[in-house]
Amino acid sequence: MTDLMSIWWVWLAAALVFALIEILLPGFVFLGFAIGAAIVGLLLLGPLTALSWQMILLVFAALSLAAWLVLRRIFALPTGQVKTFDHDIND
């Protein structure tokens, strides 16, 4: 498992899978995971090569949480507002 966690292309493939899941189940949760996995995959090409797999997972978790918080801040509705639809798409 140690070798698999430190291979950069595995992280980029996981980012692609998370992005595809986000397309099927929108909500910015899996998009945060996709961004975190993509950044970890790119960082494994350089500065993260000497870290253990536990530290790599910790970096992934922190980056995913940060990405999710930024996405939520940018794309969420203001507090107290609810998105309503008053017309049908076929009208």
# chains A, B, ... in the order shown; residues from 1 in each chain; ligands from 1
$ residues_around --residues "Val29 of chain A" --least-positions-apart "2" --cutoff "12 Å" --atoms "only C-alpha atoms" --output "list in words"
Phe18, Ala19, Ile21, Glu22, Ile23, Leu24, Leu25, Pro26, Gly27, Leu31, Gly32, Phe33, Ala34, Ile35, Gly36, Ser64, Leu65, Ala66, Ala67, Trp68, Leu69, Val70, Leu71 and Arg72 of chain A
$ closest_residue --among "A:Ala76, A:Val10, A:Leu16, A:Ala62" --to "Gly41 of chain A" --atoms "only C-alpha atoms"
A:Val10
$ atom_distance --atom1 "atom CA of Leu44 of chain A" --atom2 "atom CA of Leu57 of chain A"
11.8 Å
$ atom_distance --atom1 "atom CA of Trp11 of chain A" --atom2 "atom CA of Leu48 of chain A"
12.5 Å
$ atom_distance --atom1 "atom CA of Val17 of chain A" --atom2 "atom CA of Leu58 of chain A"
19.7 Å
$ closest_residue --among "A:Ala61, A:Ile74, A:Ser52, A:Asn90" --to "Ile39 of chain A" --atoms "only C-alpha atoms"
A:Ala61
$ residues_around --residues "Leu42 of chain A" --least-positions-apart "5" --cutoff "10 Å" --atoms "only C-alpha atoms" --output "JSON, numbers by chain"
{"A": [8, 9, 11, 12, 37, 47, 48]}
$ write_last_selection --atoms "C-alpha atoms" --output "short mmCIF file (atom, residue, chain, number, x, y, z; two decimals), in the first residue's frame"
data_model
loop_
_atom_site.label_atom_id
_atom_site.label_comp_id
_atom_site.auth_asym_id
_atom_site.auth_seq_id
_atom_site.Cartn_x
_atom_site.Cartn_y
_atom_site.Cartn_z
CA TRP A 8 1.42 10.47 -8.66
CA TRP A 9 -0.72 9.06 -11.46
CA TRP A 11 -3.84 10.41 -7.37
CA LEU A 12 -4.58 12.04 -10.73
CA ALA A 37 -6.40 14.54 -5.17
CA PRO A 47 8.05 18.18 -2.78
CA LEU A 48 5.92 15.35 -1.31
#
$ select_by_dssp --residues "chain A" --states "alpha helix (DSSP H)" --output "PyMOL selection string"
chain A and resi 2-5+8-24+29-43+53-75
$ closest_residue --among "A:Trp53, A:Phe75, A:Phe85, A:Phe30" --to "Ala15 of chain A" --atoms "only C-alpha atoms"
A:Phe30
